[in-house]
Amino acid sequence: MKTEKRSTKKGSVLVVDDEEIMREVLETLLTAEGYRVDLAKTGEEGLEAYGRRALDVVLLDVSMPGIGGLRALEEFLKMDSEAVIVMITAYATFDTAIAAWERGAFGCIRKPFQNEQITATIAAGIKRRRKEEERRTLRRAMSKAVDRGEIVGRSDLMQEVFRLVEQVAPARSTVLITGESGTGKELIAKAIHEASTRAGRPFVTVNSSNIPSELLESELFGHTRGAFTGAIAAKKGLFEVADGGSIFLDEIGDIPPETQVRLLRVIQEREFTPLGDTSPRRVDVRIIAATNIDLKEAVRQGGFREDLYYRLAVVPIELPPLRDRNEDILPLAQHFVQKYNEENGRIVSEQMAPEVLAMLESYSWPGNVRELENTIERAVVIAPGDEITKECLRPEISDPKSVVSSSQNGASNAAVGDIGRGINFYEEVRRFEIDLIRRALDQTGGHQSRAARLLGMNATTLNSKIKTYTIWKSLCLLCVLCVSVVSICLVYFHHRDTENTDQNTEKIETSISKTLQ
């Protein structure tokens with residue numbers, strides 16, 4: 001067997017033919033086209049060569065000594081079910097072609113052939129081979145994600161999402177992922193990146209709502225030294241950091257108008273200019289954006305650029321809420337039981353009692369998968385034995401009727417008179433949201449991430465609402481008040497212990513009283 005080794009990106013071809021002149025003709029033709037060519041004169045030699053290194057396309061003669069071409073075809077496909085095999089024969093008949101195709105051949109060419117016919121068939125075969133490789137890469141990426149428990153979805157709705165991810169992953173097109181908070185938008189974005197040819201390059205996440213608007217452009221596009229007050233050194237922007245890879249723009253709907261203009265230019269021209277610089281910089285970055293708001297409605301209201309929306313939504317992927325895919329609740333819950341068993345040293349059973357499963361499947365899950373995870377974590381931690389019982393679930397899940405009744409008997413009865421006189425619906429909803437957020441922050445000591453988990457929402461969404469409702473100002477004033485009281489108390493005890501005079505004591509007590517007022 002003769003082997004020609006040539007490093008080329010175009011592809012590799014194995015020619016298996018018992019006629020030396022035919023091997024030489026095909027080798028000359030395909031080498032001139034830029035392919036790496038390996039040669040074998042029997043089916044056995046061809047199988048041995050393919051076993052050492054999978055090649056893109058096999059040109060296989062039908063009539064050869066030893067095992068014939070059709071038998072060799074079957075053996076190639078046993079070794080590699082996705083092998084691209086093109087049969088060549090001087091006795092091509094309809095029956096021969098049918099037999100080859102039935103056994104899995106990519107095509108069948110009759111001798112004598114036109115050079116263009118060979119090159120066109122090889123090019124088509126390599127294109128198919130590349131697509132199969134991309135699909136395998138995606139399946140490996142999705143399998144890793146599933147193995148890590150990052151993506152769990154057996155429902156038809158999620159399977160459709162996975163199929164769409166498989167289709168868009170190999171491309172460069174911009175993807176817009178939409179869905180409610182907690183549905184797993186970032187996980188899908190990572191799966192797209194890992195299943196693409198950019199998998200070995202950076203995957204950069206930008207939480208748009210977490211970055212103050214005045215700093216967002218600097219974070220995205222970078223700046224030179226002295227570009228603005230405080231810019232003591234040049235800094236690379238996240239687009240430059242992600243060059244060659246993917247950038248995930250979460251909460252894209254929160255980006256301010258001036259930044260939307262610059263982002264549009266990056267998508268259209270593939271270049272940007274850092275703040276304080278005059279020279280544009282080109283980048284090769286795939287943009288994957290996500291939002292939990294209706295961007296079309298934002299466009300209609302003038303809060304989001306229409307041209308940017310259509311540039312982002314080249315390939316839209318909508319993630320379904322958990323309430324629309326009940327069949328995923330059990331596998332998700334089982335995964336979270338396993339995860340939090342490991343984290344907390346527990347041995348709670350992954351099997352759910354029918355009563356518990358019915359409660360989980362009946363709940364509406366406004367916080368989606370993130371809320372379910374929080375619920376299962378809590379249940380694993382407080383489970384008295386080795387299984388989750390209804391007592392381990394929050395009241396709104398285990399006994400929703402009593403929670404609704406209690407709520408109605410409390411707050412609703414007090415509001416009946418107000419409704420009779422007329423109320424502002426949106427103001428009432430606003431006050432309700434503020435009250436919920438303040439209670440969650442109070443329970444977590446002001447820790448926003450923990451408060452977001454209690455509320456079953458994304459931390460970035462909570463941060464955005466805190467800013468919108470200026471809840472942080474109230475928190476800051478409370479902190480100042482607490483610090484003031486503590487400071488005065490320290491002075492009080494200091495004077496009491498050192499001087500112990502009635503006059504000083506009276507003055508300090510008066511100061512504390514005024515501060516508390």
# chains A, B, ... in the order shown; residues from 1 in each chain; ligands from 1

$ select_by_dssp --residues "stretch 294-447 of chain A" --states "strand (DSSP E)" --output "PyMOL selection string"
chain A and resi 315-318

$ residues_around --residues "stretch 258-266 of chain A" --least-positions-apart "2" --cutoff "10 Å" --atoms "only C-alpha atoms" --output "PyMOL selection string"
chain A and resi 213-214+216-217+220-221+239+252-256+268-273+281-285+287+304-305+307-309+311-312

$ write_last_selection --atoms "N, CA and C atoms" --output "mmCIF file, in the first residue's frame"
data_model
loop_
_atom_site.group_PDB
_atom_site.id
_atom_site.type_symbol
_atom_site.label_atom_id
_atom_site.label_comp_id
_atom_site.auth_asym_id
_atom_site.auth_seq_id
_atom_site.Cartn_x
_atom_site.Cartn_y
_atom_site.Cartn_z
ATOM 1 N N SER A 213 -24.902 52.099 33.552
ATOM 2 C CA SER A 213 -24.931 52.498 32.141
ATOM 3 C C SER A 213 -23.721 53.321 31.743
ATOM 4 N N GLU A 214 -23.208 54.140 32.686
ATOM 5 C CA GLU A 214 -22.072 54.996 32.347
ATOM 6 C C GLU A 214 -20.768 54.205 32.211
ATOM 7 N N LEU A 216 -20.899 50.802 31.086
ATOM 8 C CA LEU A 216 -21.137 49.660 30.210
ATOM 9 C C LEU A 216 -20.309 49.722 28.933
ATOM 10 N N GLU A 217 -20.241 50.889 28.297
ATOM 11 C CA GLU A 217 -19.472 51.008 27.053
ATOM 12 C C GLU A 217 -18.008 50.720 27.300
ATOM 13 N N LEU A 220 -17.619 46.960 27.607
ATOM 14 C CA LEU A 220 -17.791 46.233 26.348
ATOM 15 C C LEU A 220 -16.672 46.515 25.355
ATOM 16 N N PHE A 221 -16.298 47.788 25.225
ATOM 17 C CA PHE A 221 -15.391 48.188 24.142
ATOM 18 C C PHE A 221 -14.003 48.606 24.620
ATOM 19 N N PHE A 239 -15.472 42.661 24.293
ATOM 20 C CA PHE A 239 -15.524 42.198 22.906
ATOM 21 C C PHE A 239 -14.134 41.773 22.442
ATOM 22 N N ILE A 252 -30.239 41.861 27.549
ATOM 23 C CA ILE A 252 -29.911 42.792 26.474
ATOM 24 C C ILE A 252 -30.902 43.956 26.431
ATOM 25 N N GLY A 253 -32.118 43.757 26.925
ATOM 26 C CA GLY A 253 -33.126 44.812 26.902
ATOM 27 C C GLY A 253 -32.807 45.974 27.813
ATOM 28 N N ASP A 254 -31.835 45.795 28.732
ATOM 29 C CA ASP A 254 -31.479 46.864 29.660
ATOM 30 C C ASP A 254 -30.364 47.763 29.140
ATOM 31 N N ILE A 255 -29.828 47.466 27.964
ATOM 32 C CA ILE A 255 -28.736 48.278 27.426
ATOM 33 C C ILE A 255 -29.265 49.655 27.027
ATOM 34 N N PRO A 256 -28.609 50.746 27.442
ATOM 35 C CA PRO A 256 -29.092 52.097 27.131
ATOM 36 C C PRO A 256 -28.984 52.415 25.641
ATOM 37 N N GLN A 268 -22.756 44.872 12.562
ATOM 38 C CA GLN A 268 -22.744 45.127 11.118
ATOM 39 C C GLN A 268 -21.331 45.143 10.541
ATOM 40 N N GLU A 269 -20.422 45.836 11.213
ATOM 41 C CA GLU A 269 -19.072 46.056 10.666
ATOM 42 C C GLU A 269 -18.020 45.133 11.260
ATOM 43 N N ARG A 270 -18.373 44.440 12.359
ATOM 44 C CA ARG A 270 -17.415 43.586 13.067
ATOM 45 C C ARG A 270 -16.208 44.373 13.554
ATOM 46 N N GLU A 271 -16.440 45.586 13.953
ATOM 47 C CA GLU A 271 -15.368 46.404 14.491
ATOM 48 C C GLU A 271 -15.938 47.383 15.510
ATOM 49 N N PHE A 272 -15.063 47.908 16.367
ATOM 50 C CA PHE A 272 -15.457 48.880 17.378
ATOM 51 C C PHE A 272 -14.259 49.783 17.667
ATOM 52 N N THR A 273 -14.522 50.877 18.336
ATOM 53 C CA THR A 273 -13.463 51.810 18.717
ATOM 54 C C THR A 273 -13.495 51.993 20.225
ATOM 55 N N ARG A 281 -11.008 48.713 15.834
ATOM 56 C CA ARG A 281 -10.400 47.397 15.980
ATOM 57 C C ARG A 281 -11.396 46.341 15.506
ATOM 58 N N ARG A 282 -10.914 45.432 14.678
ATOM 59 C CA ARG A 282 -11.774 44.388 14.135
ATOM 60 C C ARG A 282 -11.752 43.168 15.057
ATOM 61 N N VAL A 283 -12.915 42.539 15.186
ATOM 62 C CA VAL A 283 -13.019 41.344 16.016
ATOM 63 C C VAL A 283 -13.887 40.301 15.313
ATOM 64 N N ASP A 284 -13.628 39.060 15.635
ATOM 65 C CA ASP A 284 -14.458 37.952 15.145
ATOM 66 C C ASP A 284 -15.145 37.346 16.358
ATOM 67 N N VAL A 285 -16.327 37.823 16.653
ATOM 68 C CA VAL A 285 -17.051 37.411 17.849
ATOM 69 C C VAL A 285 -18.481 37.033 17.477
ATOM 70 N N ILE A 287 -22.204 36.783 18.678
ATOM 71 C CA ILE A 287 -23.023 37.391 19.717
ATOM 72 C C ILE A 287 -24.237 36.509 19.988
ATOM 73 N N PHE A 304 -36.177 50.340 22.604
ATOM 74 C CA PHE A 304 -35.156 49.487 21.993
ATOM 75 C C PHE A 304 -35.162 49.719 20.493
ATOM 76 N N ARG A 305 -33.966 49.792 19.912
ATOM 77 C CA ARG A 305 -33.849 50.081 18.485
ATOM 78 C C ARG A 305 -34.383 48.922 17.643
ATOM 79 N N ASP A 307 -33.741 48.355 14.404
ATOM 80 C CA ASP A 307 -32.695 47.749 13.567
ATOM 81 C C ASP A 307 -31.814 46.809 14.375
ATOM 82 N N LEU A 308 -31.539 47.154 15.646
ATOM 83 C CA LEU A 308 -30.742 46.269 16.492
ATOM 84 C C LEU A 308 -31.510 44.994 16.812
ATOM 85 N N TYR A 309 -32.803 45.126 17.041
ATOM 86 C CA TYR A 309 -33.620 43.939 17.336
ATOM 87 C C TYR A 309 -33.530 42.916 16.210
ATOM 88 N N ARG A 311 -31.220 42.633 13.971
ATOM 89 C CA ARG A 311 -29.852 42.113 13.872
ATOM 90 C C ARG A 311 -29.594 41.035 14.915
ATOM 91 N N LEU A 312 -30.198 41.196 16.089
ATOM 92 C CA LEU A 312 -30.007 40.220 17.161
ATOM 93 C C LEU A 312 -30.846 38.965 16.939
#

$ select_by_dssp --residues "stretch 177-252 of chain A" --states "alpha helix (DSSP H)" --output "MDAnalysis selection string"
chainID A and resid 185:194 213:221 238:241

$ closest_atom_pairs --of "stretch 215-281 of chain A" --to "stretch 155-176 of chain A" --cutoff "10 Å" --atoms "only C-alpha atoms" --output "tab-separated table"
residue	atom	partner	partner_atom	distance
A:Ser246	CA	A:Arg172	CA	9.5
A:Phe248	CA	A:Val175	CA	9.6
A:Leu249	CA	A:Leu176	CA	9.4
A:Asp250	CA	A:Leu176	CA	9.9
A:Ile252	CA	A:Leu176	CA	9.3
A:Ile267	CA	A:Thr174	CA	8.4

$ write_last_selection --atoms "N, CA and C atoms" --output "mmCIF file, in the first residue's frame"
data_model
loop_
_atom_site.group_PDB
_atom_site.id
_atom_site.type_symbol
_atom_site.label_atom_id
_atom_site.label_comp_id
_atom_site.auth_asym_id
_atom_site.auth_seq_id
_atom_site.Cartn_x
_atom_site.Cartn_y
_atom_site.Cartn_z
ATOM 1 N N SER A 246 -17.191 33.582 21.671
ATOM 2 C CA SER A 246 -18.580 34.046 21.751
ATOM 3 C C SER A 246 -18.740 34.984 22.931
ATOM 4 N N PHE A 248 -21.810 36.499 25.438
ATOM 5 C CA PHE A 248 -23.205 36.320 25.842
ATOM 6 C C PHE A 248 -23.682 37.588 26.529
ATOM 7 N N LEU A 249 -24.595 38.294 25.885
ATOM 8 C CA LEU A 249 -25.128 39.553 26.420
ATOM 9 C C LEU A 249 -26.457 39.256 27.103
ATOM 10 N N ASP A 250 -26.392 39.052 28.426
ATOM 11 C CA ASP A 250 -27.607 38.766 29.179
ATOM 12 C C ASP A 250 -28.343 40.064 29.485
ATOM 13 N N ILE A 252 -30.239 41.861 27.549
ATOM 14 C CA ILE A 252 -29.911 42.792 26.474
ATOM 15 C C ILE A 252 -30.902 43.956 26.431
ATOM 16 N N ILE A 267 -22.056 44.554 15.247
ATOM 17 C CA ILE A 267 -22.700 43.449 14.531
ATOM 18 C C ILE A 267 -22.565 43.634 13.027
#

$ atom_distance --atom1 "atom CA of A:Glu377" --atom2 "atom CA of A:Ala358"
18.2 Å

$ atom_distance --atom1 "atom CA of A:Ile67" --atom2 "atom CA of A:Gly43"
6.1 Å

$ atom_distance --atom1 "atom CA of A:Glu387" --atom2 "atom CA of A:Met359"
15.1 Å

$ residues_around --residues "A:Leu29" --least-positions-apart "6" --cutoff "9 Å" --atoms "only C-alpha atoms" --output "VMD selection string"
chain A and resid 115 118 to 119

$ write_last_selection --atoms "C-alpha atoms" --output "PDB file, in the first residue's frame"
ATOM      1  CA  ASN A 115     -12.926  14.490 -13.713  1.00  0.00           C
ATOM      2  CA  ILE A 118     -15.258  12.920  -9.301  1.00  0.00           C
ATOM      3  CA  THR A 119     -14.331  16.308  -7.826  1.00  0.00           C
TER       4      THR A 119
END

$ closest_residue --among "A:Gly182, A:Ile471, A:Ala99, A:Asp294" --to "A:Asn374" --atoms "only C-alpha atoms"
A:Gly182

$ residues_around --residues "A:Glu33" --least-positions-apart "5" --cutoff "10 Å" --atoms "only C-alpha atoms" --output "PyMOL selection string"
chain A and resi 10+27-28+119

$ write_last_selection --atoms "N, CA, C and O atoms" --output "PDB file, in the first residue's frame"
ATOM      1  N   LYS A  10      -8.341  20.993   3.274  1.00  0.00           N
ATOM      2  CA  LYS A  10      -9.458  20.753   2.374  1.00  0.00           C
ATOM      3  C   LYS A  10     -10.129  19.423   2.626  1.00  0.00           C
ATOM      4  O   LYS A  10     -11.339  19.286   2.476  1.00  0.00           O
ATOM      5  N   GLU A  27      -5.174   9.748  -7.783  1.00  0.00           N
ATOM      6  CA  GLU A  27      -4.240  10.433  -6.882  1.00  0.00           C
ATOM      7  C   GLU A  27      -3.801  11.768  -7.491  1.00  0.00           C
ATOM      8  O   GLU A  27      -3.785  12.799  -6.815  1.00  0.00           O
ATOM      9  N   THR A  28      -3.453  11.747  -8.783  1.00  0.00           N
ATOM     10  CA  THR A  28      -3.010  12.983  -9.456  1.00  0.00           C
ATOM     11  C   THR A  28      -4.131  14.025  -9.473  1.00  0.00           C
ATOM     12  O   THR A  28      -3.908  15.211  -9.161  1.00  0.00           O
ATOM     13  N   THR A 119     -14.611  15.198  -8.758  1.00  0.00           N
ATOM     14  CA  THR A 119     -14.331  16.308  -7.826  1.00  0.00           C
ATOM     15  C   THR A 119     -15.613  16.836  -7.184  1.00  0.00           C
ATOM     16  O   THR A 119     -15.626  17.181  -5.999  1.00  0.00           O
TER      17      THR A 119
END

$ residues_around --residues "stretch 74-91 of chain A" --least-positions-apart "5" --cutoff "7 Å" --atoms "only C-alpha atoms" --output "short mmCIF file (atom, residue, chain, number, x, y, z; two decimals) with C-alpha atoms, in the first residue's frame"
data_model
loop_
_atom_site.label_atom_id
_atom_site.label_comp_id
_atom_site.auth_asym_id
_atom_site.auth_seq_id
_atom_site.Cartn_x
_atom_site.Cartn_y
_atom_site.Cartn_z
CA LEU A 47 -9.99 -1.19 5.95
CA ASP A 56 -13.25 12.12 4.98
CA VAL A 57 -14.22 10.16 1.85
CA VAL A 58 -13.50 6.66 0.55
CA LEU A 59 -13.48 5.97 -3.23
CA LEU A 60 -14.12 2.23 -3.37
CA ASP A 61 -13.99 0.01 -6.48
CA VAL A 62 -16.80 -2.55 -6.66
CA SER A 63 -14.85 -5.35 -8.37
CA ARG A 103 -25.90 -0.74 2.03
CA ALA A 105 -23.06 4.24 0.03
CA PHE A 106 -23.00 8.01 -0.49
CA GLY A 107 -22.91 7.62 -4.28
CA CYS A 108 -22.00 5.42 -7.24
CA ILE A 109 -19.83 6.51 -10.23
CA ARG A 110 -19.34 4.59 -13.46
CA LYS A 111 -16.02 4.17 -15.29
CA GLY A 125 -19.09 14.03 0.43
CA ARG A 129 -18.77 14.65 6.57
#
